[in-house]
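As structure tokens, the structure follows; a few thoughts come after it.
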2 protein chains.
Amino acid sequence: MRGAVIHGSGDVRIEDRPDPTVIEPTDAVIRTVAACVCGSDLWRYRGIADVPHPTPIGHEYVGVVEAVGDAVTTVSVGDFVVGGFLHSDGTCAVCRHGQHANCQHGGGYDGCQAERIRIPHADGTLLATPGQPDADLVPSLLALSDVMCTGWHAAVSAGVQAGSSVVVVGDGAVGLSGVLAAAQLGATTIIAMSRHADRQAIAREFGATHVVAERGEEGLAQVRELTDGIGADCVLECVGTEEARAQAVAAARPGGMIGLVGVPHGDLPTEELFWANKGIRGGVAPVRAYLPHLLDLVWRREIDPGRVFDLTLPLEQVAEAYAAMDERRAIKVLLQP
Amino acid sequence: MRGAVIHGSGDVRIEDRPDPTVIEPTDAVIRTVAACVCGSDLWRYRGIADVPHPTPIGHEYVGVVEAVGDAVTTVSVGDFVVGGFLHSDGTCAVCRHGQHANCQHGGGYDGCQAERIRIPHADGTLLATPGQPDADLVPSLLALSDVMCTGWHAAVSAGVQAGSSVVVVGDGAVGLSGVLAAAQLGATTIIAMSRHADRQAIAREFGATHVVAERGEEGLAQVRELTDGIGADCVLECVGTEEARAQAVAAARPGGMIGLVGVPHGDLPTEELFWANKGIRGGVAPVRAYLPHLLDLVWRREIDPGRVFDLTLPLEQVAEAYAAMDERRAIKVLLQP
């Protein structure tokens with residue numbers, strides 16, 4: 001089969017790779033219908049993370065089941081399935097708390113930007129759609145594999161509920177998904193911090209009630225003006241840089257919560273959090289825990305998280321997909337095998 | 001009147017001080033029925049915090065209203081009242097969110113280890129009991145002024161609910177109050193980490209289902225054995241040292257919450273929190289927000305948080321009260337003017 005392999009900084013190639021097979025009785029093998037490039041894939045592409053040897057890459061996918069091991073009971077050959085960016089057994093003590101991203105027996109995949117993917121722990125990882133989806137639903141189903149569930153995790157971690165005021169820091173695909181999540185969870189004030197007209201437009205479409213283009217003190221002043229002068233109940237931090245985290249903490253009101261899904265770089269302002277009673281929560285999203293609800297919303301066309309894909313390319317052009325994301329020519333690229 | 005004044009490390013004296021009076025129309029003046037010494041008072045007593053000049057000290061009290069300003073409407077002369085360790089107006093944007101400890105117009109007192117106290121913002125700070133309390137209720141009412149509400153804040157911040165597993169790090173008056181709070185909130189596994197027999201006994205009386213005397217890896221191993229091998233849903237960190245915080249983070253399961261009320265010293269393990277989806281929340285307790293519920297529980301004798309007082313002294317012996325707390329001869333000392 002054909003699959004993407006990263007060889008080093010700036011060097012992702014489409015290559016012939018062995019077809020995956022069922023190894024464990026709990027495995028499934030799927031034929032990929034769509035995959036995509038994640039902001040976190042860019043760490044290695046940009047040389048921020050090492051690539052010690054050529055490595056199959058990608059962790060987001062939707063597809064059709066081609067084979068299942070003997071122990072798989074919840075998905076069958078022919079099912080259209082969505083799964084999260086980490087596999088999970090769904091039965092360990094951690095998964096039983098809905099924390100599938102920290103499954104005691106979970107892990108990653110051997111490259112999902114590929115024509116076929118081996119899915120370990122298929123029962124604990126995959127969820128089948130009620131039937132074969134219309135083609136126009138595929139991007140939104142694919143978004144559930146990571147960004148939509150990650151934005152949802154930010155909103156849930158920040159405790160967004162009916163009537164909340166919410167600030168979203170970061171206007172990438174995850175931040176935009178966070179806006180959509182906040183709207184779905186009933187937030188009434190949703191402030192998207194974004195400087196890019198195209199992303200601002202999607203943010204508004206997803207439910208942002210306000211857009212703040214400024215950063216730093218000027219941006220914070222605008223947030224406070226919209227939040228009784230004290231900051232927001234909930235802040236979704238969808239970037240991960242120290243600057244973004246500082247902005248997020250400052251944008252929360254006393255007693256507010258910051259939902260963190262940007263991979264953290266640098267320390268947290270411990271004393272600032274404590275004395276203002278601001279909390280933080282978040283991390284790697286437990287996709288499988290959120291899938292039933294969010295897949296239902298997509299299936300009933302109540303949400304359209306696939307709007308974050310603004311470029312579609314054939315899998316063979318994966319190198320161009322990475323370049324477009326790296327150069328910010330695209331918010332998020334969908335790949336079709 | 002007589003009141004305690006700290007002059008420097010190890011030097012707290014009882015002195016003649018001017019009687020407080022109503023200054024603002026929102027003030028009340030109370031005659032102190034009981035006050036006490038707080039673990040945080042010991043920072044200055046131990047020389048950890050500076051004492052630049054002689055300063056009236058103490059921030060916990062119950063008393064009877066002697067005078068009120070013209071604008072005070074919710075308490076009257078003769079009422080027995082409880083108030084928190086910070087005053088709050090109860091009306092600002094922050095208080096309206098129940099975050100009275102961060103009131104936009106709040107602050108501290110001019111020394112509560114004294115015969116009389118001026119209470120700014122009386123309406124937003126004090127709560128009157130339904131009638132004059134029996135003498136044996138006074139310690140529990142006094143405990144509401146800080147430690148019980150602070151333990152409650154740890155439990156609320158950690159999200160303790162019916163069925164939760166809870167670890168309490170710290171067996172001082174706040175940690176013990178945290179045990180009591182967790183029990184009241186419906187936790188079914190409550191693990192008190194304590195090495196002192198007298199404190200272990202109170203912890204069990206307050207609802208601890210298990211006591212772990214070991215610290216470090218050995219203590220964590222025992223916690224895991226009691227929590228499906230993964231750690232507790234909720235951890236109450238009631239100390240504030242870096243060691244205690246590390247213990248608290250390690251004792252939480254993936255996706256768990258740590259309620260922090262120990263004043264933080266040192267950084268948080270940001271990456272450990274993120275990758276395990278562990279959250280933190282907490283800070284200075286919004287006493288006034290919790291008072292109605294907790295005062296009702298005390299009044300109906302459903303909880304007895306005053307059990308943390310194991311030494312009662314006349315106010316005149318305040319120096320001995322500090323020494324007894326400093327030398328850990330007492331968990332918490334009640335002072336009677």
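Quick note on naming: the chains in the structure tokens go A, B, ... in the order shown, residues restart at 1 in each chain, and ligands are numbered from 1 in order of appearance.
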Which residues, written as a PyMOL selection string, have at least one atom at most 7 Å from range 90-103 of chain A, with only C-alpha atoms counted and residues fewer than 2 positions away on the same chain left out? (chain A and resi 86+88+105-106+124+284-286+288-289) or (chain B and resi 228+254-255+276)
Export, as a short mmCIF file (atom, residue, chain, number, x, y, z; two decimals), in the first residue's frame, the selected residues with all heavy atoms.
```cif
data_model
loop_
_atom_site.label_atom_id
_atom_site.label_comp_id
_atom_site.auth_asym_id
_atom_site.auth_seq_id
_atom_site.Cartn_x
_atom_site.Cartn_y
_atom_site.Cartn_z
N LEU A 86 -5.33 8.00 19.49
CA LEU A 86 -4.64 6.96 20.26
C LEU A 86 -5.61 5.80 20.39
O LEU A 86 -6.81 6.01 20.53
CB LEU A 86 -4.28 7.46 21.67
CG LEU A 86 -3.29 8.61 21.77
CD1 LEU A 86 -3.24 9.15 23.21
CD2 LEU A 86 -1.89 8.17 21.34
N SER A 88 -7.20 2.54 22.50
CA SER A 88 -7.48 2.33 23.92
C SER A 88 -8.30 1.06 24.06
O SER A 88 -9.10 0.73 23.19
CB SER A 88 -8.28 3.52 24.48
OG SER A 88 -9.36 3.85 23.62
N HIS A 105 -3.31 0.30 28.46
CA HIS A 105 -2.75 -0.55 27.40
C HIS A 105 -2.86 0.12 26.03
O HIS A 105 -2.84 -0.55 25.01
CB HIS A 105 -3.48 -1.91 27.39
CG HIS A 105 -3.57 -2.52 28.75
ND1 HIS A 105 -4.74 -2.59 29.48
CD2 HIS A 105 -2.62 -3.05 29.54
CE1 HIS A 105 -4.50 -3.14 30.65
NE2 HIS A 105 -3.23 -3.43 30.72
N GLY A 106 -2.99 1.43 26.02
CA GLY A 106 -3.18 2.14 24.76
C GLY A 106 -1.87 2.57 24.13
O GLY A 106 -0.78 2.27 24.64
N GLY A 124 -12.32 -1.03 21.75
CA GLY A 124 -12.16 0.09 22.68
C GLY A 124 -11.79 1.39 21.99
O GLY A 124 -11.61 2.42 22.66
N VAL A 284 -4.39 15.42 26.88
CA VAL A 284 -4.65 14.69 25.65
C VAL A 284 -6.11 14.22 25.69
O VAL A 284 -6.54 13.60 26.66
CB VAL A 284 -3.67 13.51 25.55
CG1 VAL A 284 -3.83 12.80 24.23
CG2 VAL A 284 -2.24 14.01 25.73
N ALA A 285 -6.86 14.50 24.65
CA ALA A 285 -8.31 14.26 24.68
C ALA A 285 -8.66 12.77 24.65
O ALA A 285 -8.12 12.02 23.84
CB ALA A 285 -8.97 14.95 23.50
N PRO A 286 -9.57 12.35 25.51
CA PRO A 286 -10.07 10.97 25.48
C PRO A 286 -11.15 10.84 24.40
O PRO A 286 -12.34 10.82 24.70
CB PRO A 286 -10.65 10.80 26.89
CG PRO A 286 -11.11 12.17 27.28
CD PRO A 286 -10.16 13.13 26.61
N ARG A 288 -12.43 8.57 22.49
CA ARG A 288 -13.46 7.54 22.48
C ARG A 288 -14.60 7.84 23.45
O ARG A 288 -15.75 7.44 23.21
CB ARG A 288 -12.83 6.18 22.79
CG ARG A 288 -13.75 5.01 22.64
CD ARG A 288 -14.31 4.91 21.21
NE ARG A 288 -15.23 3.77 21.07
CZ ARG A 288 -16.50 3.79 21.47
NH1 ARG A 288 -16.98 4.87 22.05
NH2 ARG A 288 -17.27 2.73 21.28
N ALA A 289 -14.27 8.57 24.53
CA ALA A 289 -15.32 8.92 25.49
C ALA A 289 -16.31 9.93 24.90
O ALA A 289 -17.49 9.92 25.25
CB ALA A 289 -14.68 9.50 26.77
N ASP B 228 -7.89 0.91 42.84
CA ASP B 228 -7.84 0.16 41.56
C ASP B 228 -6.48 0.24 40.89
O ASP B 228 -6.38 0.09 39.66
CB ASP B 228 -8.87 0.73 40.55
CG ASP B 228 -10.26 0.21 40.82
OD1 ASP B 228 -10.38 -0.82 41.50
OD2 ASP B 228 -11.22 0.84 40.35
N PRO B 254 -5.16 9.27 36.44
CA PRO B 254 -5.31 10.00 35.19
C PRO B 254 -6.73 10.59 35.09
O PRO B 254 -7.71 9.90 35.37
CB PRO B 254 -5.09 8.91 34.13
CG PRO B 254 -4.18 7.93 34.79
CD PRO B 254 -4.63 7.90 36.22
N GLY B 255 -6.80 11.85 34.74
CA GLY B 255 -8.09 12.53 34.69
C GLY B 255 -8.58 13.03 36.03
O GLY B 255 -9.66 13.61 36.11
N ALA B 276 -1.06 13.36 31.92
CA ALA B 276 -1.95 12.45 32.65
C ALA B 276 -3.34 13.05 32.83
O ALA B 276 -4.17 12.48 33.55
CB ALA B 276 -1.34 12.10 34.01
#
```
Where does chain B meet chain A within 6 Å, residue by residue, with the nearest atom pair and distance in Å to one decimal for each, counting only C-alpha atoms, listed by chain and rising number, as a tab-separated table?
```
residue	atom	partner	partner_atom	distance
B:Phe274	CA	A:Gly283	CA	4.5
B:Trp275	CA	A:Gly283	CA	5.7
B:Asn277	CA	A:Gly283	CA	4.7
B:Gly279	CA	A:Arg281	CA	3.9
B:Ile280	CA	A:Ile280	CA	5.4
B:Arg281	CA	A:Gly279	CA	3.9
B:Gly282	CA	A:Asn277	CA	5.2
B:Gly283	CA	A:Phe274	CA	4.4
```
For CA of Ile48 in chain B and CA of Ser9 in chain B, quote the distance in Å rounded to one decimal. 8.4 Å
If we count only C-alpha atoms and set the cut-off at 9 Å, which residues sit around Val22 in chain A, ignoring sequence neighbours fewer than 5 positions away in its own chain? Please answer as a list in words. Asp27, Ala28, Val29, Ala67, Val68, Gly69, Arg118, Ile119 and Pro120 of chain A
Written selection (N, CA, C and O atoms) as an mmCIF file, in the first residue's frame:
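Okay, out.cif is ready:
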```cif
data_model
loop_
_atom_site.group_PDB
_atom_site.id
_atom_site.type_symbol
_atom_site.label_atom_id
_atom_site.label_comp_id
_atom_site.auth_asym_id
_atom_site.auth_seq_id
_atom_site.Cartn_x
_atom_site.Cartn_y
_atom_site.Cartn_z
ATOM 1 N N ASP A 27 -7.449 -6.804 17.085
ATOM 2 C CA ASP A 27 -7.149 -5.833 16.022
ATOM 3 C C ASP A 27 -8.271 -5.735 14.999
ATOM 4 O O ASP A 27 -9.037 -6.682 14.790
ATOM 5 N N ALA A 28 -8.304 -4.593 14.327
ATOM 6 C CA ALA A 28 -9.023 -4.476 13.059
ATOM 7 C C ALA A 28 -8.048 -3.879 12.049
ATOM 8 O O ALA A 28 -7.070 -3.221 12.416
ATOM 9 N N VAL A 29 -8.302 -4.109 10.775
ATOM 10 C CA VAL A 29 -7.588 -3.383 9.717
ATOM 11 C C VAL A 29 -8.633 -2.626 8.930
ATOM 12 O O VAL A 29 -9.691 -3.184 8.578
ATOM 13 N N ALA A 67 -10.943 -6.045 7.887
ATOM 14 C CA ALA A 67 -10.698 -7.327 8.567
ATOM 15 C C ALA A 67 -10.746 -7.092 10.067
ATOM 16 O O ALA A 67 -10.420 -6.003 10.542
ATOM 17 N N VAL A 68 -11.199 -8.089 10.798
ATOM 18 C CA VAL A 68 -11.195 -7.991 12.269
ATOM 19 C C VAL A 68 -10.653 -9.287 12.864
ATOM 20 O O VAL A 68 -10.815 -10.367 12.272
ATOM 21 N N GLY A 69 -10.030 -9.159 14.030
ATOM 22 C CA GLY A 69 -9.580 -10.341 14.758
ATOM 23 C C GLY A 69 -10.759 -11.053 15.409
ATOM 24 O O GLY A 69 -11.864 -10.491 15.530
ATOM 25 N N ARG A 118 -3.702 -0.570 10.690
ATOM 26 C CA ARG A 118 -4.009 -1.571 11.719
ATOM 27 C C ARG A 118 -4.444 -0.819 12.978
ATOM 28 O O ARG A 118 -3.735 0.077 13.457
ATOM 29 N N ILE A 119 -5.618 -1.203 13.489
ATOM 30 C CA ILE A 119 -6.170 -0.557 14.684
ATOM 31 C C ILE A 119 -6.124 -1.556 15.839
ATOM 32 O O ILE A 119 -6.957 -2.475 15.904
ATOM 33 N N PRO A 120 -5.179 -1.417 16.772
ATOM 34 C CA PRO A 120 -5.209 -2.290 17.957
ATOM 35 C C PRO A 120 -6.443 -1.956 18.813
ATOM 36 O O PRO A 120 -6.980 -0.852 18.748
#
```
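Minimum atom-to-atom distances from A:Asp41, A:Glu66, A:Glu316, A:Glu237 to Leu176 in chain A were compared using only C-alpha atoms, and the lowest value belongs to A:Glu237.
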As an MDAnalysis selection string, please: every residue in range 202-251 of chain A that a backbone DSSP assignment puts in strand (DSSP E or B). chainID A and resid 210:212 232:237
Mind checking DSSP for range 31-269 of chain A and telling me the helix (DSSP H, G or I) residues as a ChimeraX atom specification? /A:39-45,95-97,100-102,122-125,135-143,147-157,173-184,197-206,216-225,242-251
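Separating CA of Glu243 in chain A from CA of Ala182 in chain A is a distance of 22.5 Å.
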Do you know which residues are at most 10 Å from Leu226 in chain A counting only C-alpha atoms, after dropping those on the same chain fewer than 6 positions away, and could you put them as JSON, numbers by chain? {"A": [165, 189, 190, 191, 210, 220, 232]}
Print the selection's residues with N, CA and C atoms to a file, as a CSV table (one decimal), in the first residue's frame.
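Okay, this is what ended up in out.csv:
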```csv
chain,number,residue,atom,x,y,z
A,165,SER,N,-19.3,32.4,30.1
A,165,SER,CA,-18.5,33.2,29.2
A,165,SER,C,-17.2,32.5,29.0
A,189,THR,N,-21.5,33.8,25.9
A,189,THR,CA,-20.5,34.7,25.4
A,189,THR,C,-19.3,33.9,25.0
A,190,ILE,N,-18.9,34.0,23.7
A,190,ILE,CA,-17.8,33.2,23.2
A,190,ILE,C,-16.9,34.1,22.5
A,191,ILE,N,-15.7,34.4,23.0
A,191,ILE,CA,-14.8,35.3,22.5
A,191,ILE,C,-13.6,34.6,21.8
A,210,HIS,N,-18.0,37.1,19.8
A,210,HIS,CA,-17.1,38.2,19.6
A,210,HIS,C,-15.8,37.7,19.1
A,220,LEU,N,-6.5,41.6,26.3
A,220,LEU,CA,-7.1,41.4,27.6
A,220,LEU,C,-8.1,42.4,28.0
A,232,ALA,N,-13.2,35.9,31.9
A,232,ALA,CA,-14.2,34.9,31.5
A,232,ALA,C,-14.3,33.8,32.5
```
As a ChimeraX atom specification, please: the residues near Gly78 in chain B (cut-off 10 Å, only C-alpha atoms, same-chain neighbours under 3 positions excluded). /B:30-31,63-67,75,81,128,131-132
Just-selected residues, N, CA and C atoms written as a PDB file, in the first residue's frame:
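Output file out.pdb follows:
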```pdb
ATOM      1  N   ILE B  30     -17.676  43.962  66.366  1.00  0.00           N
ATOM      2  CA  ILE B  30     -18.139  42.821  67.164  1.00  0.00           C
ATOM      3  C   ILE B  30     -17.283  42.667  68.418  1.00  0.00           C
ATOM      4  N   ARG B  31     -17.920  42.119  69.443  1.00  0.00           N
ATOM      5  CA  ARG B  31     -17.212  41.671  70.645  1.00  0.00           C
ATOM      6  C   ARG B  31     -16.861  40.205  70.393  1.00  0.00           C
ATOM      7  N   GLY B  63     -18.301  36.163  67.091  1.00  0.00           N
ATOM      8  CA  GLY B  63     -18.570  37.172  68.106  1.00  0.00           C
ATOM      9  C   GLY B  63     -19.998  37.658  68.081  1.00  0.00           C
ATOM     10  N   VAL B  64     -20.225  38.666  68.900  1.00  0.00           N
ATOM     11  CA  VAL B  64     -21.560  39.252  69.010  1.00  0.00           C
ATOM     12  C   VAL B  64     -21.474  40.710  68.536  1.00  0.00           C
ATOM     13  N   VAL B  65     -22.418  41.089  67.683  1.00  0.00           N
ATOM     14  CA  VAL B  65     -22.394  42.442  67.109  1.00  0.00           C
ATOM     15  C   VAL B  65     -22.664  43.472  68.207  1.00  0.00           C
ATOM     16  N   GLU B  66     -21.774  44.454  68.279  1.00  0.00           N
ATOM     17  CA  GLU B  66     -21.943  45.542  69.258  1.00  0.00           C
ATOM     18  C   GLU B  66     -22.401  46.844  68.621  1.00  0.00           C
ATOM     19  N   ALA B  67     -22.044  47.040  67.366  1.00  0.00           N
ATOM     20  CA  ALA B  67     -22.424  48.294  66.674  1.00  0.00           C
ATOM     21  C   ALA B  67     -22.438  48.031  65.186  1.00  0.00           C
ATOM     22  N   VAL B  75     -27.266  42.151  59.582  1.00  0.00           N
ATOM     23  CA  VAL B  75     -26.950  41.768  60.964  1.00  0.00           C
ATOM     24  C   VAL B  75     -27.256  42.943  61.878  1.00  0.00           C
ATOM     25  N   VAL B  81     -22.405  36.175  65.294  1.00  0.00           N
ATOM     26  CA  VAL B  81     -22.027  36.129  63.870  1.00  0.00           C
ATOM     27  C   VAL B  81     -20.735  35.354  63.650  1.00  0.00           C
ATOM     28  N   ALA B 128     -25.247  35.685  60.545  1.00  0.00           N
ATOM     29  CA  ALA B 128     -25.730  35.509  61.920  1.00  0.00           C
ATOM     30  C   ALA B 128     -26.260  34.100  62.107  1.00  0.00           C
ATOM     31  N   GLY B 131     -29.862  31.866  66.362  1.00  0.00           N
ATOM     32  CA  GLY B 131     -30.094  32.348  67.724  1.00  0.00           C
ATOM     33  C   GLY B 131     -28.756  32.328  68.434  1.00  0.00           C
ATOM     34  N   GLN B 132     -28.759  32.585  69.738  1.00  0.00           N
ATOM     35  CA  GLN B 132     -27.498  32.503  70.488  1.00  0.00           C
ATOM     36  C   GLN B 132     -27.101  31.033  70.603  1.00  0.00           C
TER      37      GLN B 132
END
```
